[in-house]
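Below is the file coords.cif, which contains mmCIF, C-alpha atoms.
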```
data_entry
#
loop_
_atom_site.label_atom_id
_atom_site.label_comp_id
_atom_site.auth_asym_id
_atom_site.auth_seq_id
_atom_site.Cartn_x
_atom_site.Cartn_y
_atom_site.Cartn_z
CA MET A 1 12.61 50.58 -9.72
CA LEU A 2 14.85 47.92 -8.28
CA SER A 3 12.35 46.94 -5.61
CA PHE A 4 9.62 46.94 -8.24
CA GLY A 5 11.67 44.48 -10.31
CA VAL A 6 12.21 42.26 -7.29
CA ASN A 7 8.48 42.26 -6.63
CA ILE A 8 7.82 41.19 -10.20
CA ASP A 9 10.34 38.36 -9.89
CA THR A 10 8.84 37.29 -6.59
CA THR A 11 5.34 37.35 -8.04
CA GLN A 12 6.42 35.34 -11.07
CA SER A 13 8.21 32.83 -8.87
CA PHE A 14 5.15 32.46 -6.66
CA SER A 15 2.92 32.08 -9.71
CA LEU A 16 5.15 29.35 -11.14
CA GLU A 17 5.22 27.56 -7.80
CA LEU A 18 1.44 27.77 -7.55
CA ARG A 19 1.02 26.31 -11.04
CA ARG A 20 3.33 23.42 -10.21
CA ILE A 21 1.49 22.68 -6.98
CA PHE A 22 -1.81 22.87 -8.87
CA PHE A 23 -0.48 20.45 -11.49
CA LEU A 24 0.70 17.96 -8.86
CA GLY A 25 -2.60 18.19 -7.01
CA ILE A 26 -4.61 17.62 -10.19
CA LEU A 27 -2.33 14.72 -11.10
CA SER A 28 -3.05 13.08 -7.76
CA LEU A 29 -6.79 13.51 -8.30
CA LEU A 30 -6.57 12.07 -11.82
CA LEU A 31 -4.71 9.03 -10.54
CA ILE A 32 -7.56 8.46 -8.09
CA LEU A 33 -10.22 8.89 -10.76
CA MET A 34 -8.51 6.44 -13.11
CA GLY A 35 -9.04 3.55 -10.70
CA PRO A 36 -6.10 1.17 -10.12
CA THR A 37 -3.59 3.97 -10.65
CA GLY A 38 -4.89 5.44 -7.40
CA ILE A 39 -2.22 3.44 -5.59
CA PHE A 40 0.29 6.01 -6.95
CA ALA A 41 -1.80 9.04 -5.93
CA PRO A 42 0.35 9.83 -2.84
CA ILE A 43 3.47 10.44 -4.97
CA PRO A 44 2.54 13.88 -6.40
CA LEU A 45 1.44 14.96 -2.93
CA VAL A 46 4.76 13.81 -1.46
CA PHE A 47 6.59 15.96 -4.02
CA ILE A 48 4.61 18.99 -2.85
CA PHE A 49 5.72 18.32 0.73
CA LEU A 50 9.35 17.83 -0.30
CA LEU A 51 9.74 20.53 -2.95
CA TYR A 52 7.72 23.26 -1.27
CA SER A 53 6.49 22.98 2.31
CA GLN A 54 4.43 20.91 4.68
CA SER A 55 1.76 23.58 4.95
CA LYS A 56 1.33 23.70 1.16
CA GLY A 57 1.14 19.93 1.04
CA ILE A 58 -1.55 19.86 3.72
CA ILE A 59 -3.54 22.64 2.04
CA THR A 60 -3.34 20.82 -1.31
CA GLY A 61 -4.57 17.62 0.29
CA MET A 62 -7.47 19.37 1.99
CA VAL A 63 -8.45 21.15 -1.22
CA GLY A 64 -8.28 17.90 -3.19
CA PHE A 65 -10.44 16.13 -0.64
CA SER A 66 -12.97 18.99 -0.73
CA ILE A 67 -13.11 18.86 -4.53
CA LEU A 68 -13.89 15.15 -4.49
CA LEU A 69 -16.56 15.70 -1.84
CA LEU A 70 -18.19 18.34 -4.05
CA LEU A 71 -18.05 16.01 -7.05
CA THR A 72 -19.67 13.32 -4.93
CA ILE A 73 -22.48 15.64 -3.86
CA ILE A 74 -23.08 17.39 -7.19
CA PHE A 75 -22.42 14.63 -9.73
CA ASN A 76 -23.15 11.58 -7.55
CA PHE A 77 -19.59 10.29 -7.69
CA THR A 78 -18.97 7.31 -5.49
CA PRO A 79 -17.93 8.36 -1.95
CA LEU A 80 -15.19 5.75 -2.20
CA LEU A 81 -13.13 8.19 -4.27
CA SER A 82 -13.03 10.67 -1.40
CA VAL A 83 -12.04 7.92 1.02
CA VAL A 84 -9.27 6.70 -1.29
CA PHE A 85 -7.93 10.23 -1.70
CA LEU A 86 -7.99 10.78 2.06
CA LEU A 87 -6.01 7.58 2.60
CA SER A 88 -3.60 8.61 -0.15
CA PHE A 89 -3.17 11.94 1.60
CA VAL A 90 -2.37 10.18 4.89
CA ASN A 91 0.05 7.94 3.01
CA ALA A 92 1.75 10.98 1.49
CA ILE A 93 2.12 12.58 4.93
CA LEU A 94 3.73 9.41 6.28
CA ILE A 95 6.20 9.15 3.39
CA ALA A 96 7.07 12.84 3.56
CA ASN A 97 7.45 12.61 7.34
CA THR A 98 9.94 9.76 6.94
CA ILE A 99 12.12 11.88 4.67
CA LEU A 100 11.67 15.27 6.34
CA LYS A 101 12.53 13.87 9.77
CA GLY A 102 15.41 11.82 8.42
CA LEU A 103 13.95 8.51 9.57
CA SER A 104 15.30 5.29 8.13
CA PRO A 105 12.94 3.63 5.62
CA ASP A 106 12.48 0.58 7.84
CA ARG A 107 11.44 2.74 10.77
CA GLY A 108 9.14 4.68 8.47
CA LEU A 109 7.52 1.44 7.31
CA VAL A 110 6.88 0.29 10.86
CA MET A 111 5.43 3.68 11.80
CA ALA A 112 3.18 3.58 8.74
CA GLY A 113 2.08 0.09 9.74
CA ILE A 114 1.11 1.34 13.19
CA VAL A 115 -0.89 4.23 11.71
CA PHE A 116 -2.65 1.97 9.22
CA PHE A 117 -3.41 -0.55 11.97
CA ILE A 118 -5.02 2.25 14.00
CA ILE A 119 -7.07 3.21 10.94
CA VAL A 120 -8.22 -0.41 10.64
CA LEU A 121 -9.17 -0.43 14.33
CA VAL A 122 -11.17 2.77 13.82
CA GLY A 123 -12.91 1.10 10.89
CA VAL A 124 -13.73 -1.96 12.99
CA GLY A 125 -14.97 0.28 15.80
CA SER A 126 -17.19 2.17 13.37
CA TYR A 127 -18.50 -1.11 12.01
CA LEU A 128 -19.43 -2.27 15.51
CA ALA A 129 -20.89 1.12 16.44
CA ILE A 130 -23.09 1.30 13.34
CA GLY A 131 -24.18 -2.28 13.82
CA PRO A 132 -22.95 -5.41 12.01
CA ASP A 133 -26.46 -6.39 10.94
CA PHE A 134 -27.10 -2.98 9.40
CA VAL A 135 -23.76 -2.98 7.55
CA LYS A 136 -24.29 -6.53 6.29
CA GLY A 137 -27.80 -5.65 5.18
CA GLU A 138 -26.66 -2.58 3.25
CA LEU A 139 -23.76 -4.40 1.63
CA THR A 140 -26.02 -7.31 0.70
CA ARG A 141 -28.55 -4.91 -0.83
CA VAL A 142 -25.88 -3.14 -2.89
CA LEU A 143 -24.30 -6.43 -3.93
CA ALA A 144 -27.67 -7.92 -4.89
CA GLY A 145 -28.27 -5.01 -7.24
CA PHE A 146 -24.80 -5.43 -8.69
CA ILE A 147 -25.39 -9.18 -9.16
CA ASP A 148 -28.68 -8.53 -10.96
CA GLN A 149 -26.85 -6.21 -13.32
CA ILE A 150 -24.17 -8.83 -14.01
CA LYS A 151 -26.83 -11.46 -14.66
CA LYS A 152 -28.59 -9.20 -17.15
CA GLU A 153 -25.36 -8.38 -18.96
CA ASN A 154 -24.35 -12.06 -19.11
CA ALA A 155 -27.79 -13.57 -19.68
CA ASP A 156 -26.83 -15.14 -23.01
CA PHE A 157 -23.62 -16.57 -21.60
CA ILE A 158 -25.45 -18.12 -18.63
CA ALA A 159 -28.21 -19.49 -20.88
CA GLN A 160 -25.64 -21.34 -22.99
CA GLY A 161 -24.61 -23.40 -19.98
CA GLY A 162 -21.24 -25.02 -19.52
CA ASP A 163 -18.75 -25.17 -16.68
CA ASP A 164 -17.85 -21.48 -16.80
CA ALA A 165 -21.49 -20.46 -16.72
CA ARG A 166 -22.18 -22.72 -13.75
CA VAL A 167 -19.19 -21.29 -11.89
CA LEU A 168 -20.54 -17.78 -12.49
CA GLN A 169 -24.00 -18.81 -11.32
CA ASP A 170 -22.64 -20.42 -8.16
CA LEU A 171 -20.60 -17.31 -7.45
CA LEU A 172 -23.57 -14.99 -7.82
CA LYS A 173 -26.36 -17.00 -6.23
CA ASP A 174 -25.70 -16.11 -2.58
CA PRO A 175 -24.82 -12.45 -1.94
CA LYS A 176 -25.00 -12.94 1.84
CA THR A 177 -22.15 -15.45 1.77
CA ILE A 178 -20.09 -13.14 -0.42
CA VAL A 179 -20.64 -10.26 2.02
CA GLU A 180 -19.71 -12.38 5.02
CA ASN A 181 -16.52 -13.59 3.34
CA PHE A 182 -15.70 -10.02 2.37
CA LEU A 183 -16.14 -8.77 5.93
CA ASN A 184 -14.03 -11.63 7.28
CA TRP A 185 -11.10 -10.58 5.11
CA ALA A 186 -11.75 -6.84 4.80
CA CYS A 187 -9.35 -5.80 7.58
CA ALA A 188 -6.45 -7.85 6.26
CA ALA A 189 -7.07 -6.80 2.66
CA PHE A 190 -7.42 -3.14 3.59
CA PHE A 191 -4.24 -3.13 5.67
CA SER A 192 -2.28 -5.07 3.06
CA ILE A 193 -3.28 -2.68 0.27
CA LEU A 194 -2.35 0.35 2.37
CA MET A 195 1.03 -1.08 3.34
CA PHE A 196 1.83 -2.30 -0.16
CA GLY A 197 0.90 1.10 -1.57
CA HIS A 198 3.05 2.86 1.02
CA TRP A 199 6.03 0.63 0.26
CA LEU A 200 5.63 0.99 -3.51
CA CYS A 201 5.26 4.77 -3.36
CA LEU A 202 8.25 5.05 -1.03
CA ILE A 203 10.33 3.09 -3.54
CA ILE A 204 9.33 5.46 -6.35
CA VAL A 205 9.96 8.57 -4.24
CA LEU A 206 13.42 7.32 -3.26
CA ARG A 207 14.10 6.41 -6.89
CA SER A 208 13.20 10.00 -7.79
CA SER A 209 15.51 11.52 -5.19
CA LEU A 210 17.27 13.63 -7.85
CA VAL A 211 14.07 15.68 -8.06
CA TRP A 212 13.99 16.69 -4.38
CA LYS A 213 17.43 15.87 -2.94
CA LYS A 214 18.75 19.42 -3.37
CA LYS A 215 16.00 20.77 -1.15
CA ARG A 216 15.72 17.94 1.36
CA ALA A 217 18.80 16.24 2.73
CA TYR A 218 18.19 12.56 3.36
CA ASP A 219 20.88 10.11 4.36
CA PHE A 220 19.11 6.95 3.25
CA THR A 221 18.66 5.42 -0.19
CA ILE A 222 16.51 2.77 -1.79
CA ARG A 223 19.17 0.26 -0.76
CA HIS A 224 18.17 0.82 2.87
CA LEU A 225 14.54 0.19 1.98
CA ILE A 226 15.37 -3.03 0.14
CA SER A 227 17.37 -4.15 3.18
CA PHE A 228 14.29 -3.83 5.38
CA LYS A 229 14.04 -6.37 8.17
CA ALA A 230 10.95 -6.77 10.31
CA PRO A 231 11.45 -6.08 14.02
CA GLU A 232 12.37 -9.20 15.95
CA PHE A 233 9.46 -8.82 18.37
CA PHE A 234 7.08 -9.38 15.43
CA VAL A 235 7.84 -13.07 15.85
CA TRP A 236 5.69 -13.28 18.98
CA PRO A 237 2.46 -11.93 17.47
CA LEU A 238 3.24 -14.10 14.45
CA ILE A 239 3.32 -17.20 16.66
CA MET A 240 0.11 -16.05 18.33
CA ALA A 241 -1.57 -15.60 14.94
CA LEU A 242 -0.47 -19.05 13.82
CA GLY A 243 -1.82 -20.46 17.07
CA LEU A 244 -5.20 -18.84 16.44
CA VAL A 245 -5.28 -20.23 12.92
CA LEU A 246 -4.59 -23.73 14.20
CA VAL A 247 -6.64 -23.88 17.40
CA GLY A 248 -8.56 -20.60 17.47
CA GLU A 249 -11.77 -22.29 16.40
CA TYR A 250 -11.71 -24.47 19.52
CA ILE A 251 -11.11 -21.46 21.79
CA LEU A 252 -13.12 -18.62 20.25
CA GLY A 253 -15.21 -20.42 17.67
CA PRO A 254 -15.08 -19.53 13.95
CA VAL A 255 -14.06 -15.96 14.80
CA GLY A 256 -10.79 -17.30 16.24
CA THR A 257 -9.61 -18.59 12.89
CA VAL A 258 -10.68 -15.37 11.16
CA LEU A 259 -8.76 -13.27 13.69
CA GLY A 260 -5.71 -15.47 13.32
CA MET A 261 -5.70 -15.22 9.53
CA ASN A 262 -6.18 -11.46 9.62
CA PHE A 263 -3.28 -10.98 12.03
CA LEU A 264 -1.23 -13.35 9.90
CA TYR A 265 -1.78 -11.14 6.88
CA PHE A 266 -1.09 -7.98 8.90
CA LEU A 267 2.33 -9.30 9.82
CA GLY A 268 2.79 -11.06 6.50
CA VAL A 269 3.03 -7.73 4.70
CA PHE A 270 6.20 -6.85 6.60
CA TYR A 271 7.72 -10.28 5.99
CA PHE A 272 6.72 -10.02 2.33
CA ILE A 273 8.68 -6.77 2.04
CA GLN A 274 11.62 -8.46 3.75
CA GLY A 275 11.33 -11.43 1.38
CA VAL A 276 11.35 -9.12 -1.64
CA GLY A 277 14.63 -7.67 -0.37
CA VAL A 278 16.14 -11.15 -0.10
CA TYR A 279 14.95 -12.02 -3.61
CA TYR A 280 16.40 -8.75 -4.91
CA ASP A 281 19.78 -9.62 -3.40
CA VAL A 282 19.65 -13.12 -4.89
CA LEU A 283 19.04 -11.66 -8.35
CA GLN A 284 21.92 -9.28 -7.82
CA MET A 285 24.14 -12.15 -6.71
CA VAL A 286 23.50 -14.12 -9.91
CA GLY A 287 24.19 -11.03 -12.02
CA ILE A 288 20.66 -10.01 -13.01
CA ARG A 289 20.43 -6.24 -12.93
CA GLY A 290 18.61 -3.28 -14.40
CA GLY A 291 15.14 -3.36 -15.87
CA PHE A 292 15.01 -7.14 -16.17
CA ARG A 293 15.64 -7.49 -12.43
CA SER A 294 12.82 -5.04 -11.73
CA ILE A 295 10.47 -7.05 -13.95
CA LEU A 296 11.36 -10.28 -12.14
CA VAL A 297 10.81 -8.63 -8.75
CA ILE A 298 7.39 -7.34 -9.84
CA LEU A 299 6.39 -10.74 -11.23
CA ALA A 300 7.47 -12.48 -8.03
CA ALA A 301 5.65 -9.92 -5.90
CA VAL A 302 2.43 -10.55 -7.82
CA MET A 303 2.65 -14.30 -8.41
CA ALA A 304 4.62 -15.56 -5.41
CA TYR A 305 3.81 -13.14 -2.61
CA ARG A 306 3.10 -15.92 -0.13
CA PHE A 307 6.44 -17.56 -0.88
CA LEU A 308 8.24 -14.24 -0.45
CA ALA A 309 6.52 -13.73 2.90
CA ILE A 310 7.68 -17.18 4.02
CA VAL A 311 11.21 -16.33 2.88
CA GLY A 312 10.97 -13.16 4.96
CA VAL A 313 9.95 -15.14 8.03
CA PHE A 314 12.82 -17.60 7.69
CA ASP A 315 15.21 -14.72 7.06
CA GLN A 316 14.69 -13.73 10.69
CA TRP A 317 16.63 -16.82 11.75
CA ILE A 318 18.68 -17.91 8.75
CA ASN A 319 19.74 -14.41 7.64
CA PHE A 320 19.83 -15.12 3.92
CA ARG A 321 21.49 -11.80 3.19
CA GLN A 322 24.48 -12.71 5.32
CA GLN A 323 24.63 -16.07 3.56
CA ILE A 324 24.68 -14.24 0.22
CA LYS A 325 27.51 -11.99 1.43
CA ASN A 326 29.48 -15.00 2.62
CA PHE A 327 28.91 -16.73 -0.71
CA LYS A 328 30.18 -13.68 -2.60
CA LYS A 329 33.19 -13.44 -0.32
CA ASN A 330 34.07 -17.12 -0.68
CA LYS A 331 33.61 -16.91 -4.42
CA GLY A 332 35.94 -13.93 -4.54
CA ASP A 333 38.53 -15.72 -2.42
CA ASN A 334 38.40 -18.76 -4.69
CA LEU A 335 39.00 -16.58 -7.69
#
```
Would it be possible to restate this file's structure as structure tokens?
Amino acid sequence: MLSFGVNIDTTQSFSLELRRIFFLGILSLLLILMGPTGIFAPIPLVFIFLLYSQSKGIITGMVGFSILLLLTIIFNFTPLLSVVFLLSFVNAILIANTILKGLSPDRGLVMAGIVFFIIVLVGVGSYLAIGPDFVKGELTRVLAGFIDQIKKENADFIAQGGDDARVLQDLLKDPKTIVENFLNWACAAFFSILMFGHWLCLIIVLRSSLVWKKKRAYDFTIRHLISFKAPEFFVWPLIMALGLVLVGEYILGPVGTVLGMNFLYFLGVFYFIQGVGVYYDVLQMVGIRGGFRSILVILAAVMAYRFLAIVGVFDQWINFRQQIKNFKKNKGDNL
């Protein structure tokens, strides 16, 4: 009887665990399906890794990917959803790996950057293997259809004329140019979105450490993530990228400038994260805390991301954080 009772308890426990995993998996899928919220899709998957096991997290990710593939085949969902979920799954693995292996957040960020850079290289390789002309042709065809739809929906607005209507017409009149500009910046945009999503999800997971801390010991906190500093050797590829932006056109033609700008954005993500940390410390220094500080950080990240990246670059030499510490110390001594 006793063993029978234990079996019942074990079965109930397993059933509860299965329901929770199912809920987290469905939540991740829903975040993908709702569009922009897809950037948070890795978080439920990370919780599966941390609260249960790596194998269950991997199985959940594979099942979720299979479900989206079936939806794509049966209901003609856009294949992009499956791709986004797959990338979210990779992102979740990287975040979980950082915590499970006890890596510092800054090391985890750099490792994620390397993985995402490899993914970008694979994408570029696939693009070259398939054929640039074919890809451009397909994208132009799809975009032309999309433009026709926009023109039909805004026919009255365009017919009325005016500056806004002319801007819209100029924007939509040449799909080939739009496609070429998109391809020029696709690598940088793709990498930046992946890295920003990874950083944002890692912040939320560390903020939610009370949920998983009892099961997974982790010595680092969100403070360590905010104190992120890009590796010093990043300065050399940064200088190279700036050189390509300035003189790349004379060496490699137009592609030189494009390469330089893409590499600049690749590295800029890391300096942006570093700049956010400096800004966070400045707000703390002037006594702004809590929710209002978070709002200011979000606003700055959205509206002044270039400035924050520049701050991050200069922080490599000036060490703003140390200056802030010295200021606090001197202020305390004066008091």
Just to confirm, what's the straight-line distance from atom CA of A:Asp106 to atom CA of A:Ser82 in Å (one decimal)? 28.9 Å
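Between atom CA of A:Leu259 and atom CA of A:Glu232 lies a distance of 21.6 Å.
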Spatial sel., origin (-11.6, -8.0, 5.1), limit 12 Å, all atoms listed in the file, listed as a ChimeraX atom specification: /A:120,123-124,127,178-193,258-259,261-263,265-266
Keeping only C-alpha atoms, write those residues as a PDB file, in the frame of the given file.
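Heads up, here's the output in again_32.pdb:
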```
ATOM      1  CA  VAL A 120      -8.220  -0.410  10.640  1.00  0.00           C
ATOM      2  CA  GLY A 123     -12.910   1.100  10.890  1.00  0.00           C
ATOM      3  CA  VAL A 124     -13.730  -1.960  12.990  1.00  0.00           C
ATOM      4  CA  TYR A 127     -18.500  -1.110  12.010  1.00  0.00           C
ATOM      5  CA  ILE A 178     -20.090 -13.140  -0.420  1.00  0.00           C
ATOM      6  CA  VAL A 179     -20.640 -10.260   2.020  1.00  0.00           C
ATOM      7  CA  GLU A 180     -19.710 -12.380   5.020  1.00  0.00           C
ATOM      8  CA  ASN A 181     -16.520 -13.590   3.340  1.00  0.00           C
ATOM      9  CA  PHE A 182     -15.700 -10.020   2.370  1.00  0.00           C
ATOM     10  CA  LEU A 183     -16.140  -8.770   5.930  1.00  0.00           C
ATOM     11  CA  ASN A 184     -14.030 -11.630   7.280  1.00  0.00           C
ATOM     12  CA  TRP A 185     -11.100 -10.580   5.110  1.00  0.00           C
ATOM     13  CA  ALA A 186     -11.750  -6.840   4.800  1.00  0.00           C
ATOM     14  CA  CYS A 187      -9.350  -5.800   7.580  1.00  0.00           C
ATOM     15  CA  ALA A 188      -6.450  -7.850   6.260  1.00  0.00           C
ATOM     16  CA  ALA A 189      -7.070  -6.800   2.660  1.00  0.00           C
ATOM     17  CA  PHE A 190      -7.420  -3.140   3.590  1.00  0.00           C
ATOM     18  CA  PHE A 191      -4.240  -3.130   5.670  1.00  0.00           C
ATOM     19  CA  SER A 192      -2.280  -5.070   3.060  1.00  0.00           C
ATOM     20  CA  ILE A 193      -3.280  -2.680   0.270  1.00  0.00           C
ATOM     21  CA  VAL A 258     -10.680 -15.370  11.160  1.00  0.00           C
ATOM     22  CA  LEU A 259      -8.760 -13.270  13.690  1.00  0.00           C
ATOM     23  CA  MET A 261      -5.700 -15.220   9.530  1.00  0.00           C
ATOM     24  CA  ASN A 262      -6.180 -11.460   9.620  1.00  0.00           C
ATOM     25  CA  PHE A 263      -3.280 -10.980  12.030  1.00  0.00           C
ATOM     26  CA  TYR A 265      -1.780 -11.140   6.880  1.00  0.00           C
ATOM     27  CA  PHE A 266      -1.090  -7.980   8.900  1.00  0.00           C
TER      28      PHE A 266
END
```
Residue members of the PyMOL selection byres ((chain A and resi 108) around 10) in the file shown, as an MDAnalysis selection string: chainID A and resid 94:99 101:107 109:114 198:199 202 225
Need the shell around A:Val297: protein/DNA/RNA residues with any atom at most 10 Å away, counting all atoms listed in the file. Skip same-chain ones fewer than 4 positions apart. Format as a short mmCIF file (atom, residue, chain, number, x, y, z; two decimals) with C-alpha atoms, in the coordinates of the input?
```cif
data_model
loop_
_atom_site.label_atom_id
_atom_site.label_comp_id
_atom_site.auth_asym_id
_atom_site.auth_seq_id
_atom_site.Cartn_x
_atom_site.Cartn_y
_atom_site.Cartn_z
CA VAL A 276 11.35 -9.12 -1.64
CA GLY A 277 14.63 -7.67 -0.37
CA TYR A 279 14.95 -12.02 -3.61
CA TYR A 280 16.40 -8.75 -4.91
CA LEU A 283 19.04 -11.66 -8.35
CA GLY A 291 15.14 -3.36 -15.87
CA PHE A 292 15.01 -7.14 -16.17
CA ARG A 293 15.64 -7.49 -12.43
CA ALA A 301 5.65 -9.92 -5.90
CA VAL A 302 2.43 -10.55 -7.82
CA MET A 303 2.65 -14.30 -8.41
CA ALA A 304 4.62 -15.56 -5.41
#
```
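You can rank A:Gln274, A:Ser13, A:Ser53, A:Thr221 by their closest distance to A:Phe307 using only C-alpha atoms, and at the top of that list sits A:Gln274.
The gap separating atom CA of A:Leu87 from atom CA of A:Gly61 is 10.4 Å, in Å to one decimal.
The closest residue to A:Leu246, picked from A:Ala300, A:Trp212, A:Pro231, A:Leu264 and counting all atoms listed in the file, is A:Leu264.
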I need the residue set behind the PyMOL selection byres ((chain A and resi 64) around 9) for this file; please write it as a ChimeraX atom specification. /A:25-26,28-29,59-63,65-69,82,85-86
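Residue membership of the PyMOL selection byres ((chain A and resi 311) around 8) in the shown file amounts to Tyr271, Phe272, Gln274, Gly275, Val278, Phe307, Leu308, Ala309, Ile310, Gly312, Val313, Phe314 and Asp315 of chain A.
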From the list A:Asn91, A:Asn326, A:Ser15, A:Asn154, the nearest residue to A:Leu194 using all atoms listed in the file is A:Asn91
Do a neighbour search on A:Thr78 at 12 Å with only C-alpha atoms, toss out local chain neighbours closer than 6 positions, and write the hits as a VMD selection string. chain A and resid 32 to 33 35 68 to 72 84
